[in-house]
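Taking it in order: structure first as structure tokens, then the write-up.
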Amino acid sequence: MGKKETITSLKTAKRDRKLVMITAYDALFASLFADAADLLLVGDSLNMSFLGEPDTLSATLDQMIYHTRAVCNGAPESFVICDMPFGTTNTKEEALANAVRVFQQTHADAVKIEGGLERAELVEHLCSNAIAVMGHVGLMPQSVRSEGGYIVQGRDETSFAKVIKDAKAIEAAGAFALVVEGVTPDLGRAVTKAVSIPVIGIGAGKDTDGQVLVWSDMLGFFEAFKPKFVKRYMNGAEAVREAVGKYAEEVRNGIFPAEEHCYK
Ligand code: KIV
């Protein structure tokens, strides 16, 4: 991998290349992902895959800061984005104070905030105070309870138009990039055309400027459910079970440790 990405290189990417983003939650895996990915997202999805909670709503800022520090330590040359968790960006003053904490207590390059038009003023406030913001529109997991589920957007004219309006508002507020999640491929394409900042899709079809996946989904470690948009590039859970099973068997049979694992 070459030099660390910057806001400028990421914005230019819209014309030149597809952007690859993957979530990371700890130093070890961040170091493994760093070479292949352009961006590492410390997503609040860690609340589900790592903490075992049913949704992202109980993730805290302390938790996000802890994991973001780890990711920045493991991948110091990567562009790292910290997700602002539910309830930490309700007012612009609160959002700025919390984003400043993220910037002061980690080496994150940017924060990500879920929300459209209703969050535009707040995003503008952060951007004008030296906080780089990635927006997140379409299906917003932090709204799962108020929406009554994870609802794909863009299947009707109203939601199609709303997501476009949200994306434009977040761009106008100064966000350097946008995640669009859980939308029809037509809407993914339309959002990507509607704004001049890079649009990174997840469950948004192939015509966005880049893609993001949650690492524990794409490597097959998270087995509780598999959203339609996830492609499993390995079967991590099976590989781990097999390896740990072998270790347990060898301990029980006296095969491990062998001679070469013993001090002389
Ligand atoms: O929390 C997360 O991992 C995310 C991605 C799904 C975009 O927000």
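Residues are named by chain letter and number: chains run A, B, ... in the order of the structure tokens, numbers start at 1 in each chain, and ligands are numbered from 1 in the order shown.
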
Taking the chain letters and numbering used in this document, name the residues of range 9-232 of chain A that DSSP puts in alpha helix (DSSP H), as an MDAnalysis selection string. chainID A and resid 9:16 27:33 46:49 61:74 92:105 120:127 144:147 157:172 185:194 215:218

Compile the contact shell of range 102-117 of chain A as an MDAnalysis selection string: residues with an atom at most 6 Å away, counting only C-alpha atoms, same-chain residues fewer than 3 positions apart removed. chainID A and resid 69 72 80:84 99 120 132:137 166 169

Check which residues fall inside 9 Å of ligand 1 when counting only C-alpha atoms and all ligand atoms, and print them as a CSV table (one decimal) with all heavy atoms, in the first residue's frame.
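Result written to pocket.csv:
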chain,number,residue,atom,x,y,z
A,21,MET,N,-13.4,0.0,1.8
A,21,MET,CA,-13.4,0.3,3.3
A,21,MET,C,-13.9,-1.0,4.0
A,21,MET,O,-14.6,-1.8,3.4
A,21,MET,CB,-14.4,1.4,3.6
A,21,MET,CG,-14.5,1.8,5.0
A,21,MET,SD,-15.1,3.5,5.3
A,21,MET,CE,-16.9,3.2,5.5
A,22,ILE,N,-13.3,-1.2,5.1
A,22,ILE,CA,-13.7,-2.4,5.9
A,22,ILE,C,-13.7,-2.0,7.4
A,22,ILE,O,-13.0,-1.1,7.8
A,22,ILE,CB,-12.7,-3.6,5.7
A,22,ILE,CG1,-13.0,-4.8,6.4
A,22,ILE,CG2,-11.2,-3.2,6.0
A,22,ILE,CD1,-12.2,-6.1,6.0
A,23,THR,N,-14.5,-2.6,8.2
A,23,THR,CA,-14.5,-2.2,9.6
A,23,THR,C,-13.3,-2.9,10.2
A,23,THR,O,-12.8,-3.9,9.8
A,23,THR,CB,-15.8,-2.7,10.3
A,23,THR,OG1,-15.9,-4.1,10.3
A,23,THR,CG2,-17.1,-2.1,9.7
A,24,ALA,N,-12.9,-2.3,11.3
A,24,ALA,CA,-11.8,-2.9,12.2
A,24,ALA,C,-12.1,-2.5,13.6
A,24,ALA,O,-12.6,-1.4,13.8
A,24,ALA,CB,-10.5,-2.4,11.7
A,41,LEU,N,-13.0,1.6,9.1
A,41,LEU,CA,-14.1,2.2,9.9
A,41,LEU,C,-14.2,1.4,11.2
A,41,LEU,O,-14.5,0.2,11.2
A,41,LEU,CB,-15.4,2.0,9.1
A,41,LEU,CG,-16.7,2.4,9.9
A,41,LEU,CD1,-16.7,3.9,10.2
A,41,LEU,CD2,-17.9,2.0,9.1
A,42,VAL,N,-14.1,2.2,12.3
A,42,VAL,CA,-14.4,1.6,13.6
A,42,VAL,C,-15.9,1.8,13.8
A,42,VAL,O,-16.4,2.8,14.3
A,42,VAL,CB,-13.6,2.2,14.7
A,42,VAL,CG1,-13.8,1.5,16.0
A,42,VAL,CG2,-12.1,2.3,14.4
A,43,GLY,N,-16.7,0.8,13.3
A,43,GLY,CA,-18.1,0.9,13.2
A,43,GLY,C,-18.7,0.6,14.6
A,43,GLY,O,-18.2,-0.3,15.3
A,44,ASP,N,-19.9,1.2,14.9
A,44,ASP,CA,-20.6,0.8,16.1
A,44,ASP,C,-21.2,-0.6,16.0
A,44,ASP,O,-21.7,-1.1,16.9
A,44,ASP,CB,-21.6,1.9,16.6
A,44,ASP,CG,-22.7,2.1,15.5
A,44,ASP,OD1,-22.7,1.5,14.5
A,44,ASP,OD2,-23.6,3.0,15.8
A,45,SER,N,-21.1,-1.2,14.8
A,45,SER,CA,-21.4,-2.6,14.6
A,45,SER,C,-20.7,-3.5,15.6
A,45,SER,O,-21.1,-4.6,15.8
A,45,SER,CB,-21.2,-3.0,13.2
A,45,SER,OG,-19.9,-2.7,12.8
A,46,LEU,N,-19.6,-3.0,16.1
A,46,LEU,CA,-18.8,-3.8,17.1
A,46,LEU,C,-19.6,-4.2,18.3
A,46,LEU,O,-19.4,-5.1,19.0
A,46,LEU,CB,-17.5,-3.1,17.5
A,46,LEU,CG,-17.5,-1.8,18.2
A,46,LEU,CD1,-17.8,-1.9,19.7
A,46,LEU,CD2,-16.3,-1.0,18.0
A,47,ASN,N,-20.6,-3.3,18.5
A,47,ASN,CA,-21.5,-3.6,19.7
A,47,ASN,C,-22.3,-4.9,19.5
A,47,ASN,O,-22.6,-5.6,20.5
A,47,ASN,CB,-22.5,-2.5,19.8
A,47,ASN,CG,-23.1,-2.3,21.2
A,47,ASN,OD1,-22.3,-2.2,22.1
A,47,ASN,ND2,-24.4,-2.2,21.3
A,56,THR,N,-27.0,-1.8,17.7
A,56,THR,CA,-25.9,-0.9,17.9
A,56,THR,C,-26.2,0.2,19.0
A,56,THR,O,-25.3,1.0,19.4
A,56,THR,CB,-25.4,-0.1,16.6
A,56,THR,OG1,-26.5,0.6,16.2
A,56,THR,CG2,-25.0,-1.1,15.6
A,83,ASP,N,-17.0,5.8,14.3
A,83,ASP,CA,-18.5,6.0,14.3
A,83,ASP,C,-18.9,6.7,15.5
A,83,ASP,O,-18.5,6.2,16.6
A,83,ASP,CB,-19.1,4.6,14.2
A,83,ASP,CG,-20.2,4.4,13.3
A,83,ASP,OD1,-20.6,5.4,12.6
A,83,ASP,OD2,-20.7,3.3,13.1
A,85,PRO,N,-21.5,7.0,18.2
A,85,PRO,CA,-22.6,6.1,18.6
A,85,PRO,C,-23.9,6.9,18.9
A,85,PRO,O,-23.9,8.1,19.1
A,85,PRO,CB,-22.1,5.4,19.8
A,85,PRO,CG,-21.0,6.3,20.4
A,85,PRO,CD,-20.5,7.1,19.3
A,112,LYS,N,-17.8,9.4,11.8
A,112,LYS,CA,-19.0,9.2,10.9
A,112,LYS,C,-20.3,9.4,11.7
A,112,LYS,O,-20.3,9.0,12.9
A,112,LYS,CB,-19.0,7.7,10.4
A,112,LYS,CG,-20.2,7.4,9.6
A,112,LYS,CD,-20.0,6.1,8.8
A,112,LYS,CE,-20.3,4.8,9.5
A,112,LYS,NZ,-21.7,4.7,10.1
A,113,ILE,N,-21.2,10.1,11.1
A,113,ILE,CA,-22.5,10.4,11.8
A,113,ILE,C,-23.6,9.9,10.9
A,113,ILE,O,-23.7,10.3,9.7
A,113,ILE,CB,-22.6,11.9,12.0
A,113,ILE,CG1,-21.5,12.4,13.0
A,113,ILE,CG2,-24.0,12.3,12.6
A,113,ILE,CD1,-21.5,13.8,13.4
A,114,GLU,N,-24.5,9.2,11.5
A,114,GLU,CA,-25.7,8.7,10.8
A,114,GLU,C,-26.8,9.9,10.8
A,114,GLU,O,-26.9,10.5,11.8
A,114,GLU,CB,-26.4,7.5,11.5
A,114,GLU,CG,-25.6,6.2,11.3
A,114,GLU,CD,-26.4,5.0,11.9
A,114,GLU,OE1,-27.6,5.1,12.2
A,114,GLU,OE2,-25.7,4.0,12.1
A,136,HIS,N,-23.8,9.3,6.7
A,136,HIS,CA,-24.3,7.9,6.6
A,136,HIS,C,-25.8,8.1,6.4
A,136,HIS,O,-26.5,8.5,7.3
A,136,HIS,CB,-24.0,7.1,7.9
A,136,HIS,CG,-24.4,5.7,7.8
A,136,HIS,ND1,-23.8,4.7,8.5
A,136,HIS,CD2,-25.5,5.1,7.2
A,136,HIS,CE1,-24.4,3.5,8.3
A,136,HIS,NE2,-25.5,3.8,7.5
A,140,MET,N,-30.4,3.5,8.3
A,140,MET,CA,-29.5,3.9,9.4
A,140,MET,C,-29.8,3.0,10.6
A,140,MET,O,-30.8,3.0,11.3
A,140,MET,CB,-29.8,5.3,9.7
A,140,MET,CG,-29.3,6.2,8.6
A,140,MET,SD,-29.6,7.9,8.8
A,140,MET,CE,-31.2,8.1,8.1
A,141,PRO,N,-28.8,2.1,10.9
A,141,PRO,CA,-29.0,1.1,12.0
A,141,PRO,C,-29.4,1.7,13.3
A,141,PRO,O,-30.0,1.1,14.1
A,141,PRO,CB,-27.7,0.3,12.0
A,141,PRO,CG,-27.1,0.5,10.6
A,141,PRO,CD,-27.5,1.8,10.2
A,179,VAL,N,-21.5,7.3,3.5
A,179,VAL,CA,-21.9,5.9,3.4
A,179,VAL,C,-23.4,5.9,3.0
A,179,VAL,O,-24.2,6.7,3.6
A,179,VAL,CB,-21.7,5.2,4.7
A,179,VAL,CG1,-22.4,3.8,4.8
A,179,VAL,CG2,-20.2,4.9,5.0
A,180,VAL,N,-23.8,5.0,2.1
A,180,VAL,CA,-25.2,4.8,1.8
A,180,VAL,C,-25.5,3.3,2.0
A,180,VAL,O,-24.8,2.5,1.4
A,180,VAL,CB,-25.6,5.3,0.4
A,180,VAL,CG1,-24.9,4.7,-0.7
A,180,VAL,CG2,-27.1,5.2,0.2
A,181,GLU,N,-26.4,3.1,2.9
A,181,GLU,CA,-26.6,1.7,3.3
A,181,GLU,C,-28.1,1.2,3.0
A,181,GLU,O,-29.0,2.0,3.2
A,181,GLU,CB,-26.4,1.6,4.9
A,181,GLU,CG,-26.7,0.2,5.4
A,181,GLU,CD,-26.2,-0.1,6.8
A,181,GLU,OE1,-25.5,0.8,7.4
A,181,GLU,OE2,-26.5,-1.2,7.3
A,200,ILE,N,-19.8,5.6,-0.5
A,200,ILE,CA,-19.4,4.2,-0.2
A,200,ILE,C,-20.6,3.4,0.2
A,200,ILE,O,-21.3,3.8,1.1
A,200,ILE,CB,-18.3,4.2,0.9
A,200,ILE,CG1,-17.1,5.0,0.4
A,200,ILE,CG2,-17.9,2.8,1.3
A,200,ILE,CD1,-16.0,5.1,1.4
A,201,GLY,N,-20.8,2.4,-0.6
A,201,GLY,CA,-22.1,1.6,-0.4
A,201,GLY,C,-21.9,0.4,0.5
A,201,GLY,O,-20.9,-0.3,0.5
A,202,ILE,N,-23.0,0.0,1.1
A,202,ILE,CA,-23.1,-1.3,1.8
A,202,ILE,C,-24.6,-1.7,1.6
A,202,ILE,O,-25.5,-1.0,2.0
A,202,ILE,CB,-22.7,-1.2,3.3
A,202,ILE,CG1,-23.0,-2.6,4.0
A,202,ILE,CG2,-23.4,-0.1,4.1
A,202,ILE,CD1,-22.3,-2.8,5.3
A,212,VAL,N,-18.2,-1.0,1.5
A,212,VAL,CA,-17.7,-1.3,2.9
A,212,VAL,C,-18.4,-2.5,3.3
A,212,VAL,O,-19.6,-2.8,3.0
A,212,VAL,CB,-18.0,-0.1,3.9
A,212,VAL,CG1,-19.4,0.3,3.9
A,212,VAL,CG2,-17.5,-0.5,5.3
A,213,LEU,N,-17.7,-3.4,4.1
A,213,LEU,CA,-18.3,-4.5,4.7
A,213,LEU,C,-17.8,-4.6,6.1
A,213,LEU,O,-16.7,-4.1,6.4
A,213,LEU,CB,-18.0,-5.8,4.0
A,213,LEU,CG,-18.8,-6.1,2.7
A,213,LEU,CD1,-18.3,-7.4,2.0
A,213,LEU,CD2,-20.3,-6.2,3.0
A,214,VAL,N,-18.6,-5.2,7.0
A,214,VAL,CA,-18.2,-5.5,8.4
A,214,VAL,C,-17.3,-6.7,8.3
A,214,VAL,O,-17.7,-7.8,7.8
A,214,VAL,CB,-19.5,-5.7,9.2
A,214,VAL,CG1,-19.1,-6.2,10.6
A,214,VAL,CG2,-20.3,-4.4,9.3
A,215,TRP,N,-16.1,-6.6,8.9
A,215,TRP,CA,-15.2,-7.6,8.7
A,215,TRP,C,-15.6,-9.0,9.2
A,215,TRP,O,-15.3,-10.0,8.6
A,215,TRP,CB,-13.8,-7.2,9.3
A,215,TRP,CG,-13.6,-7.5,10.8
A,215,TRP,CD1,-13.7,-6.5,11.8
A,215,TRP,CD2,-13.2,-8.7,11.4
A,215,TRP,NE1,-13.5,-7.1,13.0
A,215,TRP,CE2,-13.1,-8.4,12.8
A,215,TRP,CE3,-12.9,-10.0,11.0
A,215,TRP,CZ2,-12.8,-9.4,13.8
A,215,TRP,CZ3,-12.6,-10.9,11.9
A,215,TRP,CH2,-12.5,-10.6,13.3

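Nearest to Asp207 in chain A of all the residues A:Glu223, A:Glu259, A:Glu242, A:Asp186 is A:Asp186, counting only C-alpha atoms.
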
Near range 144-151 of chain A, within 12 Å and counting only C-alpha atoms, which residues show up once chain neighbours fewer than 2 positions away are dropped, as an NGL selection string? :A and (54-57 or 86 or 114 or 138-142 or 153-156 or 159 or 181-184 or 203 or 227)

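Restricting the calculation to only C-alpha atoms, the smallest distance between Phe229 in chain A and any of A:Ile170, A:Met48, A:Val152, A:Ala75 is found for A:Val152.
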
Go ahead and compute the interatomic distance for CA of Leu126 in chain A and CA of Ala95 in chain A, in Å to one decimal. 7.5 Å

DSSP-assigned strand (DSSP E or B) members of range 17-68 of chain A, reported as a list in words: Leu19, Val20, Met21, Ile22, Thr23, Leu39, Leu40, Leu41 and Val42 of chain A

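Between CA of Asn98 in chain A and CA of Ala27 in chain A the interatomic distance comes to 22.5 Å.
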
Judged by only C-alpha atoms, the minimum distance to Ala177 in chain A among A:Phe225, A:Ala13, A:Tyr66, A:Ser216 is found for A:Ala13

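CA of Gly254 in chain A lies 22.5 Å from CA of Ala239 in chain A.
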
In terms of only C-alpha atoms, the residue from A:Gly74, A:Glu118, A:Glu249, A:Ala224 at minimal distance from Thr91 in chain A is A:Glu118
